[in-house]
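Read the structure below first, then the notes.
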Amino acid sequence: MSGRMFVLADADSFYASCERVFHPELARRPLVVLSNNDGCVVSRSREAKLLGISNGLPWFKIRGQAEHDGVIARSSNYELYASLSRRMMRLMAATLPGQEIYSIDECFLRGFQDPQRTRMACTRMRETVLQGIGIPLTIATAPTRTLAKIVSHYIKHQGGGIGDWDLLRSQEPDVLDRIDVSEVWGVGRRLTRKLQGMSITTAGDLARADPSRIRHLFSVLLERTVLELQGIPSIELDDFDAIDGTRKQQLMCSRMFGQPITGLPDLSAAVGTYAQQASIRLRKQGSLAGMVTVFIATSPFNQDYQSRSGSIILTDPADDPLTIARAAVGTLPRMIDPHARYVRAGVMLGALTDAASYTTFDGMDAKRDNGLGTILDQANRKFGLQSVGIGWAGMKGKGRARQETGATWNMKRQHLSNRSTTRWDELCIVKA
DNA sequence: TCTGGGGTCCTAGGACCC
DNA sequence: TCTGGGGTCCTAGGACCC
């Protein structure tokens with residue numbers, strides 16, 4: 001074995017596992033985590049999977065049966081997950097070199113030349129994260145990222161743990177032929193259908209395909225996937241700085257509403273709030289936005305579905321909340337259908353540039369935050385998101401949702417757990 | 001009644017120029 | 001005004017990921 005060895009570490013049922021960290025009584029119970037608005041299932045514990053609950057199912061459709069089966073539901077709590085993710089990533093980076101964070105719950109690392117040494121490091125890493133944080137990992141090693149994904153997928157089916165491509169292949173030479181092509185990293189629904197039409201139905205079929213022919217019929221992306229299945233590293237990840245979530249090209253804040261809204265005033269309030277949220281993240285990563293795009297949409301499950309978007313180019317790139325919110329709200333009058341029932345809106349900031357190095361030719365400066373944004377950022381850090389804001393963004397709700405705004409369109413989160421690691425008023429209480 | 005939120009990359013095709 | 005080809009740049013949309 002020569003060349004690089006990729007290590008893929010990802011958490012088992014990450015969101016569900018996070019919920020258990022501060023609620024040990026949830027261990028071994030069937031548990032699901034729901035998307036915003038308590039819409040769909042986005043994470044299930046192993047026990048919930050065994051009950052036949054799949055990801056993406058609308059909660060309102062399965063709720064009756066699930067509750068009958070003793071399933072516990074939690075609203076998603078991304079503050080908690082992001083915080084646990086950061087700790088988990090730091091522990092892993094201290095064990096193996098070359099960490100590339102790929103998503104909130106998984107990262108690639110580089111293995112050592114000596115496979116035995118790599119294996120020991122993986123074992124140690126898994127124990128450290130389990131004991132230090134309480135999150136179980138699945139760890140796979142392989143000569144390419146795509147094969148590491150295959151191994152990970154395979155051993156998760158066996159209940160998780162640690163696996164290696166060479167070992168697996170020596171035990172089961174035909175393992176790729178027993179994996180559906182749709183399970184391959186980079187092959188989605190559409191490609192699966194097209195490939196099936198060409199009698200490529202398993203990962204093994206795809207691995208045996210001619211890369212240049214695949215490139216012709218599909219794209220360079222799928223060609224790289226074929227090469228990777230053959231053991232030739234061909235996919236590089238962007239060297240984006242994911243540990244603090246920095247985005248190089250665009251940044252978006254969008255939400256489904258708790259209930260449909262109609263008319264300019266409510267829509268403006270929602271879009272203004274999302275614009276502010278987006279500008280907070282923009283300042284946090286030290287960028288300026290050159291373009292603001294807003295989209296609004298009615299329900300795609302209704303017959304009169306409509307979706308519109310509009311953009312504004314900022315003549316001077318900006319990071320201050322007023323400029324961005326004003327630009328965003330300003331797109332609405334020409335887009336809005338006054339009778340439509342909107343269920344979703346979003347604000348995208350594009351044409352991002354680095355605030356520190358930005359200069360214009362004529363000596364004009366960018367629309368920098370004049371201090372208001374920084375004050376808002378500080379207040380929000382201290383008192384919690386949406387404590388303070390411009391316009392509607394500062395309106396608080398009551399009771400359990402007191403951190404959210406009081407507007408009717410604010411999302412539903414009826415099964416929210418405490419944000420124990422990021423909110424002082426939601427600290428875990430230990431009775432001794 | 002009730003169906004997530006964020007990203008990335010590639011390609012086709014139009015606009016424009018010579 | 002018409003005719004033709006080829007190059008570049010940009011954007012919208014499609015496809016994928018978690």
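By convention in this document, the chains of the structure tokens carry letters A, B, ... by their order, each chain's residues are numbered from 1, and ligands are numbered from 1 in the order they are shown.
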Compile the residues of chain C that lie within 8 Å of chain A, evaluated using only C-alpha atoms (C1' of nucleotides), and express the compilation as a PDB file with C-alpha atoms (C1' of nucleotides), in the first residue's frame.
ATOM      1  C1'  DA C  15     -27.318  18.099  -9.602  1.00  0.00           C
ATOM      2  C1'  DC C  16     -25.137  16.831  -5.629  1.00  0.00           C
ATOM      3  C1'  DC C  17     -23.841  16.876  -0.460  1.00  0.00           C
ATOM      4  C1'  DC C  18     -25.044  16.784   4.720  1.00  0.00           C
TER       5       DC C  18
END
Contact residues around A:Lys248 with only C-alpha atoms (C1' of nucleotides) at 9 Å, ignoring same-chain residues under 2 positions, as a ChimeraX atom specification: /A:240-241,246,250-251,287,351-354
Excluding same-chain residues fewer than 5 positions from A:Trp59, what lies within 9 Å of it counting only C-alpha atoms (C1' of nucleotides), as a PyMOL selection string? (chain A and resi 34+38-41) or (chain B and resi 2-3)
Using all heavy atoms, can you write the selected residues to a file as an mmCIF file, in the first residue's frame?
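Result written to part_3.cif:
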data_model
loop_
_atom_site.group_PDB
_atom_site.id
_atom_site.type_symbol
_atom_site.label_atom_id
_atom_site.label_comp_id
_atom_site.auth_asym_id
_atom_site.auth_seq_id
_atom_site.Cartn_x
_atom_site.Cartn_y
_atom_site.Cartn_z
ATOM 1 N N LEU A 34 -36.330 16.555 14.936
ATOM 2 C CA LEU A 34 -37.144 17.116 13.861
ATOM 3 C C LEU A 34 -36.525 18.380 13.299
ATOM 4 O O LEU A 34 -35.853 19.128 14.006
ATOM 5 C CB LEU A 34 -38.554 17.432 14.380
ATOM 6 C CG LEU A 34 -39.270 16.264 15.059
ATOM 7 C CD1 LEU A 34 -40.627 16.697 15.594
ATOM 8 C CD2 LEU A 34 -39.433 15.106 14.075
ATOM 9 N N ASP A 38 -40.662 21.735 13.328
ATOM 10 C CA ASP A 38 -41.013 20.349 13.643
ATOM 11 C C ASP A 38 -41.565 19.649 12.414
ATOM 12 O O ASP A 38 -42.535 18.882 12.496
ATOM 13 C CB ASP A 38 -42.020 20.303 14.810
ATOM 14 C CG ASP A 38 -41.409 20.877 16.086
ATOM 15 O OD1 ASP A 38 -40.168 20.949 16.166
ATOM 16 O OD2 ASP A 38 -42.168 21.242 16.992
ATOM 17 N N GLY A 39 -40.964 19.929 11.249
ATOM 18 C CA GLY A 39 -41.472 19.415 9.974
ATOM 19 C C GLY A 39 -41.143 17.960 9.704
ATOM 20 O O GLY A 39 -42.037 17.100 9.706
ATOM 21 N N CYS A 40 -39.878 17.664 9.478
ATOM 22 C CA CYS A 40 -39.476 16.310 9.077
ATOM 23 C C CYS A 40 -38.488 15.725 10.080
ATOM 24 O O CYS A 40 -37.839 16.435 10.820
ATOM 25 C CB CYS A 40 -38.764 16.340 7.728
ATOM 26 S SG CYS A 40 -39.727 16.993 6.400
ATOM 27 N N VAL A 41 -38.362 14.405 9.991
ATOM 28 C CA VAL A 41 -37.334 13.718 10.773
ATOM 29 C C VAL A 41 -35.979 13.959 10.117
ATOM 30 O O VAL A 41 -35.824 13.729 8.919
ATOM 31 C CB VAL A 41 -37.630 12.205 10.813
ATOM 32 C CG1 VAL A 41 -36.495 11.452 11.495
ATOM 33 C CG2 VAL A 41 -38.951 11.944 11.510
ATOM 34 P P DC B 2 -51.579 23.178 6.040
ATOM 35 O OP1 DC B 2 -51.109 24.561 5.883
ATOM 36 O OP2 DC B 2 -51.615 22.284 4.867
ATOM 37 O "O5'" DC B 2 -50.706 22.464 7.166
ATOM 38 C "C5'" DC B 2 -49.758 23.218 7.918
ATOM 39 C "C4'" DC B 2 -48.910 22.280 8.738
ATOM 40 O "O4'" DC B 2 -49.759 21.392 9.458
ATOM 41 C "C3'" DC B 2 -47.997 21.369 7.921
ATOM 42 O "O3'" DC B 2 -46.719 21.958 7.785
ATOM 43 C "C2'" DC B 2 -47.875 20.127 8.782
ATOM 44 C "C1'" DC B 2 -49.190 20.103 9.536
ATOM 45 N N1 DC B 2 -50.175 19.135 8.988
ATOM 46 C C2 DC B 2 -50.905 18.362 9.893
ATOM 47 O O2 DC B 2 -50.661 18.519 11.091
ATOM 48 N N3 DC B 2 -51.817 17.492 9.436
ATOM 49 C C4 DC B 2 -52.038 17.375 8.124
ATOM 50 N N4 DC B 2 -52.962 16.506 7.732
ATOM 51 C C5 DC B 2 -51.314 18.157 7.190
ATOM 52 C C6 DC B 2 -50.400 19.019 7.650
ATOM 53 P P DT B 3 -46.172 22.233 6.277
ATOM 54 O OP1 DT B 3 -46.105 23.623 5.946
ATOM 55 O OP2 DT B 3 -46.919 21.302 5.410
ATOM 56 O "O5'" DT B 3 -44.679 21.711 6.456
ATOM 57 C "C5'" DT B 3 -44.415 20.518 7.147
ATOM 58 C "C4'" DT B 3 -43.281 19.787 6.431
ATOM 59 O "O4'" DT B 3 -43.855 18.615 5.805
ATOM 60 C "C3'" DT B 3 -42.571 20.554 5.315
ATOM 61 O "O3'" DT B 3 -41.165 20.313 5.410
ATOM 62 C "C2'" DT B 3 -43.156 19.977 4.034
ATOM 63 C "C1'" DT B 3 -43.435 18.553 4.471
ATOM 64 N N1 DT B 3 -44.518 17.902 3.719
ATOM 65 C C2 DT B 3 -44.181 16.825 2.954
ATOM 66 O O2 DT B 3 -43.032 16.395 2.879
ATOM 67 N N3 DT B 3 -45.230 16.261 2.278
ATOM 68 C C4 DT B 3 -46.542 16.657 2.289
ATOM 69 O O4 DT B 3 -47.387 16.070 1.631
ATOM 70 C C5 DT B 3 -46.835 17.800 3.119
ATOM 71 C C7 DT B 3 -48.236 18.304 3.201
ATOM 72 C C6 DT B 3 -45.816 18.350 3.781
#
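Taking atom CA of A:Ala278 as the reference point, atom CA of A:Ala407 is found at 18.8 Å.
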Mind giving me the straight-line distance from atom CA of A:Ser212 to atom CA of A:Ile200 in Å, one decimal? 15.5 Å
Find the spatial neighbours of stretch 10-13 of chain B, counting only C-alpha atoms (C1' of nucleotides), within a cut-off of 10 Å - ignore same-chain residues fewer than 4 positions away - and output them as a VMD selection string. (chain A and resid 219 to 221) or (chain C and resid 11 to 15)
May I have the residues from that selection written out with C-alpha atoms (C1' of nucleotides), as a tab-separated table (two decimals), in the first residue's frame?
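The result, written out as selection-v9.tsv:
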chain	number	residue	atom	x	y	z
A	219	SER	CA	-19.60	14.98	-16.38
A	220	VAL	CA	-16.10	15.26	-14.99
A	221	LEU	CA	-17.59	14.89	-11.53
C	11	DT	C1'	-25.99	33.71	-15.62
C	12	DA	C1'	-29.57	30.45	-14.61
C	13	DG	C1'	-30.51	26.13	-13.49
C	14	DG	C1'	-29.47	21.39	-12.46
C	15	DA	C1'	-27.32	18.10	-9.60
For B:DG4, find every residue with an atom within 12 Å (counting only C-alpha atoms (C1' of nucleotides)), except residues of its own chain fewer than 4 positions away, and show them as an MDAnalysis selection string. (chainID A and resid 33:43 55:59 75:76 254:257 344 411) or (chainID C and resid 18)
With N, CA and C atoms (P, O5', C5', C4', C3', O3' and C1' of nucleotides) retained, write the just-selected residues as a CSV table (one decimal), in the first residue's frame.
chain,number,residue,atom,x,y,z
A,33,VAL,N,-35.0,13.5,15.9
A,33,VAL,CA,-34.8,14.9,16.0
A,33,VAL,C,-35.5,15.5,14.7
A,34,LEU,N,-36.3,16.6,14.9
A,34,LEU,CA,-37.1,17.1,13.9
A,34,LEU,C,-36.5,18.4,13.3
A,35,SER,N,-36.8,18.6,12.0
A,35,SER,CA,-36.3,19.9,11.4
A,35,SER,C,-37.0,21.1,11.9
A,36,ASN,N,-36.6,22.3,11.5
A,36,ASN,CA,-37.3,23.5,11.9
A,36,ASN,C,-38.8,23.4,11.6
A,37,ASN,N,-39.6,24.0,12.5
A,37,ASN,CA,-41.0,23.9,12.4
A,37,ASN,C,-41.5,22.5,12.7
A,38,ASP,N,-40.7,21.7,13.3
A,38,ASP,CA,-41.0,20.3,13.6
A,38,ASP,C,-41.6,19.6,12.4
A,39,GLY,N,-41.0,19.9,11.2
A,39,GLY,CA,-41.5,19.4,10.0
A,39,GLY,C,-41.1,18.0,9.7
A,40,CYS,N,-39.9,17.7,9.5
A,40,CYS,CA,-39.5,16.3,9.1
A,40,CYS,C,-38.5,15.7,10.1
A,41,VAL,N,-38.4,14.4,10.0
A,41,VAL,CA,-37.3,13.7,10.8
A,41,VAL,C,-36.0,14.0,10.1
A,42,VAL,N,-35.0,14.5,10.9
A,42,VAL,CA,-33.7,14.7,10.3
A,42,VAL,C,-32.6,13.8,10.9
A,43,SER,N,-32.9,13.2,12.1
A,43,SER,CA,-31.9,12.3,12.7
A,43,SER,C,-32.7,11.3,13.5
A,55,ASN,N,-35.3,8.9,7.4
A,55,ASN,CA,-35.1,10.4,7.4
A,55,ASN,C,-36.0,11.0,6.4
A,56,GLY,N,-36.4,12.2,6.7
A,56,GLY,CA,-37.2,13.0,5.7
A,56,GLY,C,-38.7,12.8,5.8
A,57,LEU,N,-39.1,11.9,6.6
A,57,LEU,CA,-40.6,11.7,6.8
A,57,LEU,C,-41.2,12.9,7.5
A,58,PRO,N,-42.3,13.4,7.0
A,58,PRO,CA,-43.0,14.5,7.7
A,58,PRO,C,-43.5,13.9,9.1
A,59,TRP,N,-43.2,14.7,10.1
A,59,TRP,CA,-43.6,14.2,11.5
A,59,TRP,C,-45.1,14.1,11.6
A,75,SER,N,-37.2,18.9,18.9
A,75,SER,CA,-37.0,19.9,17.9
A,75,SER,C,-35.5,20.1,17.7
A,76,SER,N,-35.0,20.4,16.5
A,76,SER,CA,-33.6,20.5,16.3
A,76,SER,C,-33.1,21.8,17.0
A,254,SER,N,-32.4,31.5,5.5
A,254,SER,CA,-33.8,31.3,5.0
A,254,SER,C,-34.5,30.4,6.0
A,255,ARG,N,-35.8,30.6,6.0
A,255,ARG,CA,-36.7,29.8,6.9
A,255,ARG,C,-38.0,29.6,6.3
A,256,MET,N,-38.6,28.5,6.7
A,256,MET,CA,-40.1,28.3,6.6
A,256,MET,C,-40.7,29.0,7.7
A,257,PHE,N,-41.9,29.6,7.4
A,257,PHE,CA,-42.6,30.3,8.5
A,257,PHE,C,-43.4,29.3,9.4
A,344,ARG,N,-42.3,30.7,3.0
A,344,ARG,CA,-40.9,30.6,3.1
A,344,ARG,C,-40.2,31.8,2.5
A,411,MET,N,-40.8,30.3,13.8
A,411,MET,CA,-41.0,28.9,13.6
A,411,MET,C,-41.5,28.2,14.9
C,18,DC,P,-23.4,12.9,2.0
C,18,DC,O5',-23.6,13.9,3.2
C,18,DC,C5',-22.5,14.6,3.7
C,18,DC,C4',-23.0,15.7,4.7
C,18,DC,C3',-23.9,15.0,5.8
C,18,DC,O3',-23.4,15.4,7.0
C,18,DC,C1',-25.0,16.8,4.7
If DSSP is run on the backbone, what residues of stretch 140-332 of chain A are helix (DSSP H, G or I)? A reply as an MDAnalysis selection string would be ideal. chainID A and resid 145:157 165:171 175:178 181:183 189:197 203:207 211:217 220:229 242:244 264:284 321:330 332
I'd like to know which residues of stretch 123-341 of chain A are strand (DSSP E) (by DSSP, run on the backbone); could you write them as a VMD selection string? chain A and resid 137 to 142 161 to 164 251 to 261 287 to 298 307 to 318
Quick one: write out the picked residues with C-alpha atoms as a PDB file, in the first residue's frame?
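Saved the output as result-v7.pdb:
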ATOM      1  CA  LEU A 137     -18.055   7.739  15.980  1.00  0.00           C
ATOM      2  CA  THR A 138     -17.724   5.500  12.955  1.00  0.00           C
ATOM      3  CA  ILE A 139     -14.198   5.639  11.504  1.00  0.00           C
ATOM      4  CA  ALA A 140     -13.187   4.345   8.074  1.00  0.00           C
ATOM      5  CA  THR A 141      -9.783   4.241   6.353  1.00  0.00           C
ATOM      6  CA  ALA A 142      -9.258   3.879   2.595  1.00  0.00           C
ATOM      7  CA  GLY A 161     -16.997   1.027  14.927  1.00  0.00           C
ATOM      8  CA  ILE A 162     -13.799   1.080  12.888  1.00  0.00           C
ATOM      9  CA  GLY A 163     -13.220  -0.327   9.400  1.00  0.00           C
ATOM     10  CA  ASP A 164     -10.582  -0.411   6.673  1.00  0.00           C
ATOM     11  CA  LEU A 251     -24.049  32.982   2.673  1.00  0.00           C
ATOM     12  CA  MET A 252     -27.742  32.440   3.186  1.00  0.00           C
ATOM     13  CA  CYS A 253     -30.384  32.746   5.850  1.00  0.00           C
ATOM     14  CA  SER A 254     -33.770  31.283   5.021  1.00  0.00           C
ATOM     15  CA  ARG A 255     -36.671  29.824   6.927  1.00  0.00           C
ATOM     16  CA  MET A 256     -40.060  28.265   6.557  1.00  0.00           C
ATOM     17  CA  PHE A 257     -42.609  30.316   8.502  1.00  0.00           C
ATOM     18  CA  GLY A 258     -44.518  28.918  11.457  1.00  0.00           C
ATOM     19  CA  GLN A 259     -47.687  29.733   9.477  1.00  0.00           C
ATOM     20  CA  PRO A 260     -48.289  31.255   6.015  1.00  0.00           C
ATOM     21  CA  ILE A 261     -48.085  35.034   5.723  1.00  0.00           C
ATOM     22  CA  SER A 287     -16.478  39.677   4.806  1.00  0.00           C
ATOM     23  CA  LEU A 288     -18.302  42.298   2.775  1.00  0.00           C
ATOM     24  CA  ALA A 289     -21.248  41.447   0.496  1.00  0.00           C
ATOM     25  CA  GLY A 290     -21.478  42.831  -3.036  1.00  0.00           C
ATOM     26  CA  MET A 291     -24.919  41.444  -3.789  1.00  0.00           C
ATOM     27  CA  VAL A 292     -28.138  40.776  -1.906  1.00  0.00           C
ATOM     28  CA  THR A 293     -30.647  38.236  -3.244  1.00  0.00           C
ATOM     29  CA  VAL A 294     -34.063  37.648  -1.718  1.00  0.00           C
ATOM     30  CA  PHE A 295     -36.442  34.813  -2.501  1.00  0.00           C
ATOM     31  CA  ILE A 296     -40.026  34.251  -1.398  1.00  0.00           C
ATOM     32  CA  ALA A 297     -42.124  31.172  -2.091  1.00  0.00           C
ATOM     33  CA  THR A 298     -45.546  29.702  -1.445  1.00  0.00           C
ATOM     34  CA  SER A 307     -41.432  31.227  -6.162  1.00  0.00           C
ATOM     35  CA  ARG A 308     -39.765  34.540  -6.990  1.00  0.00           C
ATOM     36  CA  SER A 309     -36.360  35.988  -6.417  1.00  0.00           C
ATOM     37  CA  GLY A 310     -34.762  39.371  -6.904  1.00  0.00           C
ATOM     38  CA  SER A 311     -31.241  40.705  -6.525  1.00  0.00           C
ATOM     39  CA  ILE A 312     -29.634  44.024  -5.831  1.00  0.00           C
ATOM     40  CA  ILE A 313     -26.006  44.808  -6.584  1.00  0.00           C
ATOM     41  CA  LEU A 314     -24.548  46.975  -3.842  1.00  0.00           C
ATOM     42  CA  THR A 315     -22.514  49.731  -5.468  1.00  0.00           C
ATOM     43  CA  ASP A 316     -20.266  49.659  -2.420  1.00  0.00           C
ATOM     44  CA  PRO A 317     -19.852  46.250  -0.781  1.00  0.00           C
ATOM     45  CA  ALA A 318     -21.296  46.378   2.715  1.00  0.00           C
TER      46      ALA A 318
END
Do you have the atom CA of A:Asn77-atom CA of A:His23 distance handy?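 Separation of atom CA of A:Asn77 and atom CA of A:His23: 13.9 Å.
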Could you tell me which of A:Leu147, A:Ala209, A:Val347, A:Cys428 comes closest to A:Ser234 if we count only C-alpha atoms?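 The answer is A:Leu147, which sits nearest to A:Ser234.
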